[in-house]
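These notes are about the structure you will find just below.
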Amino acid sequence: MPISGYLICFYGILKRELTRFMHQHSRFIAALIRPMVWLFIFAAGLRSALEFSNTLPYEGTVLYEIYIIPGLIGMILLFSSMQSALSIVYDKEMGSMRALLVSPFPRSFLLVSKLFSGVIVAMVQAYVFIAITWLWGLTFPLSGLIYVFPTLLLGGMLMASLGLLISSIVKQLENFAGVMNFIIFPLFFASSGLYPLAQMKKSSIILYQIASLNPFTHMVELIRYALYGKLNELSLGVVILMMCLFLGLALMAYNPSQWFVRHKSL
Amino acid sequence: MLYRAPYKRSQGIMDRTQHNNMALDIQALSYQFGSAHALEDIHLTVHLGEFTALLGLNGAGKTTLVSLITRLYSSKQGRIKVFGIDIEKNPSKALAQMGVVFQQRTLDLDLTVKQNLQYHLALHGLSTKGSVTKITQALTHFNLQSKLKEKVRNLSGGQIRAVEIARALLHEPKLLLLDEPTVGLDMHNREFIVASLHALVAQNQVGVLYTTHLVDELRPTDTLVILHKGKIVKSGSLESILKESNTQTIKEAFSLLIGERA
């Protein structure tokens with residue numbers, strides 16, 4: 001198949017995802033309302049109670065509303081990836097996943113294209129949220145908007161790969177809500193999205209250790225640093241490593257010649 | 001269609017022209033779900049211009065066979081070749097030759113007919129520029145050209161099936177796999193779809209593998225393969241099967257061969 005064929009195929013998958021997304025206005029609004037509730041209600045309420053000092057990459061004291069923004073961007077990527085995973089399970093149950101899988105393109109290409117399309121949708125949501133925070137007066141260096149782009153892409157791919165892996169395990173839509181509770185809440189709450197790791201360490205060493213190992217923490221830190229034009233190398237490494245791991249496992253889970261997939265309906 | 005005893009090297013020499021016409025060649029294929037045998041030692045071929053009906057009761061293994069041919073499942077026992085291309089070794093090339101209609105609907109209900117068909121073209125690496133003419137032509141076969149901008153959700157069951165068949169033909173495959181495409185349709189729609197498919201075979205020189213459990217969908221020109229409990233119990237032309245089983249109707253022959261009431 002020529003490269004132009006691959007481009008046409010990718011564009012077709014992207015177009016379908018965008019068309020579906022445009023049809024689902026409520027999905028777009030819900031994706032924004034969730035972090036806005038956290039920012040304008042939860043964080044605003046804690047504003048006077050919580051201020052963090054000596055927390056990298058911030059200089060001096062940082063307002064809680066400012067601190068929480070990268071975590072909420074991470075939340076958008078996380079929920080969006082779970083939405084994509086849910087849509088894959090739905091497609092599997094409804095049968096339209098089969099239309100994708102009998103395409104002559106390599107299955108890994110098809111699935112990565114599908115993931116990438118979902119990540120683009122998530123990135124649009126993340127940038128709209130960033131624009132809202134700016135309008136609210138919660139600003140950071142303008143260059144951060146550019147630096148954050150590759151980290152959103154990487155973070156989005158990390159979350160989307162996890163979502164794809166989950167979609168390969170979950171067979172029925174009914175089971176998905178339970179799985180989401182097991183994945184989303186521990187990932188989000190046991191991370192540096194809401195509180196700095198240093199603060200967490202003071203109250204619970206175990207929670208601190210769990211959060212330090214949590215890939216969501218590293219995705220959030222990568223975004224946090226990028227917003228201020230800095231690079232957190234450790235987080236970059238962890239995010240890339242975990243993305244490769246989740247993606248590799250997910251692609252194996254969709255390969256029918258793998259022994260553990262052989263009897264599963266795709 | 002040829003049904004042969006388990007493959008022997010000495011039997012593998014066949015006429016070259018016949019080989020070139022062979023759209024699908026399945027040899028010694030077996031598949032198990034855990035310890036349960038879903039398919040056992042399947043030998044089946046489909047040639048260009050041939051309409052092969054795979055007849056079997058529910059649970060006979062028809063959908064499993066289609067899943068293996070389309071590589072939704074994978075088996076280490078036996079081999080499947082599409083125009084001489086091994087599906088396990090080169091799935092991309094083999095899948096490019098196929099048009100598939102699954103038993104389960106696979107159209108996106110929230111997209112229009114046009115959007116669904118353009119998505120299919122893209123999945124085959126075919127440009128969607130100027131595709132409307134091609135799509136309209138494909139839909140015209142089934143009198144559905146007026147439904148181009150209609151959401152699939154608003155179509156009737158028969159129309160959805162017809163769109164799925166039109167979609168399967170859009171990239172001009174030479175092998176068409178249809179897994180019980182008339183399930184849930186009324187008599188009129190079933191007859192229309194079966195007649196349309198036979199007309200396509202006559203016009204386009206495609207090979208068709210059509211699975212069904214409905215004996216009244218068979219035509220005298222079809223090649224018949226009877227699948228029962230994962231095994232092929234008989235295959236050949238309708239005429240030869242009636243003659244060999246000494247029965248008057250295919251329903252009688254089918255009941256006799258599977259040892260159950262069809």
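Letters A, B, ... go to the chains of the structure tokens in the order shown; residues in each chain start at 1; ligands are counted from 1 in the same order.
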
*Select residues of chain A: the criterion is any atom within 6 Å of an atom of chain B, counting only C-alpha atoms; output as a count of residues only.*
12

Quick check for you: according to DSSP on this backbone, which residues of stretch 25-164 of chain A are classed as strand (DSSP E)? Reply as a compact mmCIF listing (two decimals) with N, CA and C atoms, in the first residue's frame.
# COMPACT_ATOMS: atom_id res chain seq x y z
N GLU A 51 -2.19 27.22 49.91
CA GLU A 51 -1.21 27.92 49.07
C GLU A 51 0.07 27.13 49.22
N PHE A 52 0.71 26.88 48.11
CA PHE A 52 1.92 26.06 48.19
C PHE A 52 3.14 26.92 47.89
N SER A 53 4.16 26.72 48.71
CA SER A 53 5.43 27.42 48.43
C SER A 53 6.51 26.38 48.18
N THR A 61 5.20 31.62 46.07
CA THR A 61 3.98 30.94 46.50
C THR A 61 3.02 30.82 45.31
N VAL A 62 2.37 29.68 45.25
CA VAL A 62 1.44 29.47 44.13
C VAL A 62 0.02 29.27 44.67
N LEU A 63 -0.91 29.96 44.03
CA LEU A 63 -2.32 29.81 44.40
C LEU A 63 -2.80 28.39 44.05

*Gap from atom CA of A:Leu165 to atom CA of A:Ile73 - Å, one decimal*: 21.6 Å

*If you run DSSP on this backbone, which residues of stretch 119-231 of chain B come out as helix (DSSP H, G or I), and could you give them as an MDAnalysis selection string?*
chainID B and resid 119:123 131:140 145:147 152:154 157:169 187:204 215:217

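The space between atom CA of B:Gln137 and atom CA of B:Asn189 spans 19.9 Å.
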
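Minimum distance to B:Glu244 across B:Leu257, B:Lys151, B:Thr212, B:Pro220 (counting only C-alpha atoms) occurs at B:Leu257.
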
_Set the distance at 12 Å and use only C-alpha atoms: which residues neighbour A:Gly137 once local chain neighbours fewer than 4 positions away are removed? I'd like the list as an MDAnalysis selection string._
chainID A and resid 40 65:66 130:133

*So, counting only C-alpha atoms, which residue among A:Leu142, A:Ile210, A:Ile88, A:Val121 is closest to A:Gln24?*
A:Val121

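The spacing separating atom CA of A:Pro35 from atom CA of A:Phe149 amounts to 18.8 Å.
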
_Just want the 7 Å neighbourhood of A:Ser167, counted on only C-alpha atoms, with same-chain residues fewer than 2 positions away dropped. Output as a list of chain:residue names._
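Residues meeting the cut-off are A:Ala85, A:Leu86, A:Ile88, A:Val89, A:Gly163, A:Leu164, A:Leu165, A:Ile169, A:Val170.
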
Residues from the last selection, N, CA and C atoms, saved as a PDB file, in the first residue's frame:
ATOM      1  N   ALA A  85     -12.317   4.840  24.882  1.00  0.00           N
ATOM      2  CA  ALA A  85     -12.334   3.404  25.183  1.00  0.00           C
ATOM      3  C   ALA A  85     -13.775   2.894  25.213  1.00  0.00           C
ATOM      4  N   LEU A  86     -14.644   3.703  25.812  1.00  0.00           N
ATOM      5  CA  LEU A  86     -16.068   3.345  25.872  1.00  0.00           C
ATOM      6  C   LEU A  86     -16.633   3.236  24.453  1.00  0.00           C
ATOM      7  N   ILE A  88     -14.969   2.467  21.812  1.00  0.00           N
ATOM      8  CA  ILE A  88     -14.438   1.248  21.174  1.00  0.00           C
ATOM      9  C   ILE A  88     -15.241   0.023  21.635  1.00  0.00           C
ATOM     10  N   VAL A  89     -15.539  -0.017  22.943  1.00  0.00           N
ATOM     11  CA  VAL A  89     -16.342  -1.143  23.460  1.00  0.00           C
ATOM     12  C   VAL A  89     -17.727  -1.119  22.799  1.00  0.00           C
ATOM     13  N   GLY A 163      -6.617   3.428  27.671  1.00  0.00           N
ATOM     14  CA  GLY A 163      -8.028   3.234  27.318  1.00  0.00           C
ATOM     15  C   GLY A 163      -8.195   2.078  26.338  1.00  0.00           C
ATOM     16  N   LEU A 164      -7.305   2.007  25.344  1.00  0.00           N
ATOM     17  CA  LEU A 164      -7.385   0.922  24.350  1.00  0.00           C
ATOM     18  C   LEU A 164      -7.151  -0.431  25.014  1.00  0.00           C
ATOM     19  N   LEU A 165      -6.208  -0.443  25.944  1.00  0.00           N
ATOM     20  CA  LEU A 165      -5.927  -1.686  26.673  1.00  0.00           C
ATOM     21  C   LEU A 165      -7.165  -2.112  27.472  1.00  0.00           C
ATOM     22  N   ILE A 169     -10.049  -5.526  27.246  1.00  0.00           N
ATOM     23  CA  ILE A 169     -10.396  -6.426  28.353  1.00  0.00           C
ATOM     24  C   ILE A 169     -11.904  -6.433  28.592  1.00  0.00           C
ATOM     25  N   VAL A 170     -12.494  -5.238  28.517  1.00  0.00           N
ATOM     26  CA  VAL A 170     -13.935  -5.119  28.814  1.00  0.00           C
ATOM     27  C   VAL A 170     -14.736  -5.571  27.600  1.00  0.00           C
TER      28      VAL A 170
END

Exercise: B:Val183 partners within 10 Å, only C-alpha atoms, chain neighbours under 3 positions left out, as a tab-separated table (two decimals) with N, CA and C atoms, in the first residue's frame:
chain	number	residue	atom	x	y	z
B	103	GLN	N	-22.72	-10.89	9.95
B	103	GLN	CA	-24.08	-11.17	10.43
B	103	GLN	C	-24.58	-9.99	11.27
B	104	GLN	N	-23.66	-9.46	12.10
B	104	GLN	CA	-24.00	-8.30	12.92
B	104	GLN	C	-23.83	-7.05	12.06
B	157	GLY	N	-34.46	-2.19	8.19
B	157	GLY	CA	-33.51	-3.30	8.28
B	157	GLY	C	-33.02	-3.76	6.92
B	158	GLY	N	-33.96	-3.88	5.97
B	158	GLY	CA	-33.60	-4.32	4.62
B	158	GLY	C	-32.69	-3.32	3.93
B	161	ARG	N	-29.16	-3.54	5.33
B	161	ARG	CA	-28.46	-4.71	4.78
B	161	ARG	C	-27.97	-4.42	3.36
B	179	ASP	N	-22.16	-13.24	5.72
B	179	ASP	CA	-22.53	-14.11	6.82
B	179	ASP	C	-23.98	-13.85	7.20
B	180	GLU	N	-24.85	-14.72	6.77
B	180	GLU	CA	-26.29	-14.62	7.02
B	180	GLU	C	-26.79	-13.17	6.84
B	186	ASP	N	-37.67	-9.49	5.96
B	186	ASP	CA	-38.90	-10.16	5.49
B	186	ASP	C	-38.62	-10.86	4.15
B	190	ARG	N	-35.46	-10.43	1.52
B	190	ARG	CA	-34.54	-11.57	1.38
B	190	ARG	C	-34.39	-11.95	-0.09
B	212	THR	N	-25.84	-19.31	5.30
B	212	THR	CA	-27.28	-19.21	5.59
B	212	THR	C	-27.77	-20.46	6.32
B	213	HIS	N	-28.91	-20.31	6.98
B	213	HIS	CA	-29.56	-21.52	7.51
B	213	HIS	C	-30.93	-21.69	6.84
B	214	LEU	N	-31.17	-20.88	5.82
B	214	LEU	CA	-32.47	-20.89	5.15
B	214	LEU	C	-32.36	-21.56	3.78

*Contacts of B:Thr211 at 9 Å or less, counting only C-alpha atoms, minus same-chain residues fewer than 4 places along, as an MDAnalysis selection string?*
chainID B and resid 52:56 62:63 66 177:181

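Between B:Ala38 and the candidates B:Gln248, B:Phe254, B:Thr133, B:Gly230, the tightest atom-to-atom separation, counting only C-alpha atoms, involves B:Gly230.
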
*Would you mind listing what lies within 8 Å of stretch 214-225 of chain A as a PyMOL selection string, with only C-alpha atoms counted and same-chain residues fewer than 4 positions away left out?*
chain A and resi 56-57+70-71+73-74+148+151-152+155+187-188+190-193+210+229-232+234-236+238-239+242

Those residues you just picked out, can you put them in a file as a CSV table (one decimal), in the first residue's frame with C-alpha atoms?
chain,number,residue,atom,x,y,z
A,56,LEU,CA,8.5,23.4,41.3
A,57,PRO,CA,8.2,24.7,38.7
A,70,PRO,CA,-2.3,20.9,35.0
A,71,GLY,CA,-4.2,18.2,37.0
A,73,ILE,CA,-5.9,19.3,32.0
A,74,GLY,CA,-4.8,15.7,32.8
A,148,VAL,CA,2.5,22.3,26.3
A,151,THR,CA,3.2,17.1,26.3
A,152,LEU,CA,-0.6,17.1,25.6
A,155,GLY,CA,0.0,12.5,27.7
A,187,LEU,CA,-5.4,7.4,38.9
A,188,PHE,CA,-6.6,10.9,39.5
A,190,ALA,CA,-3.5,9.2,43.9
A,191,SER,CA,-1.5,11.7,41.9
A,192,SER,CA,0.0,15.1,42.1
A,193,GLY,CA,-3.0,16.5,40.2
A,210,ILE,CA,1.8,5.2,45.1
A,229,GLY,CA,8.6,26.4,29.5
A,230,LYS,CA,10.5,23.8,31.5
A,231,LEU,CA,11.1,20.1,31.0
A,232,ASN,CA,10.7,17.4,33.7
A,234,LEU,CA,12.0,12.0,34.8
A,235,SER,CA,8.3,12.5,33.9
A,236,LEU,CA,9.1,12.5,30.2
A,238,VAL,CA,8.1,7.6,32.6
A,239,VAL,CA,5.3,8.9,30.3
A,242,MET,CA,4.4,3.7,30.1
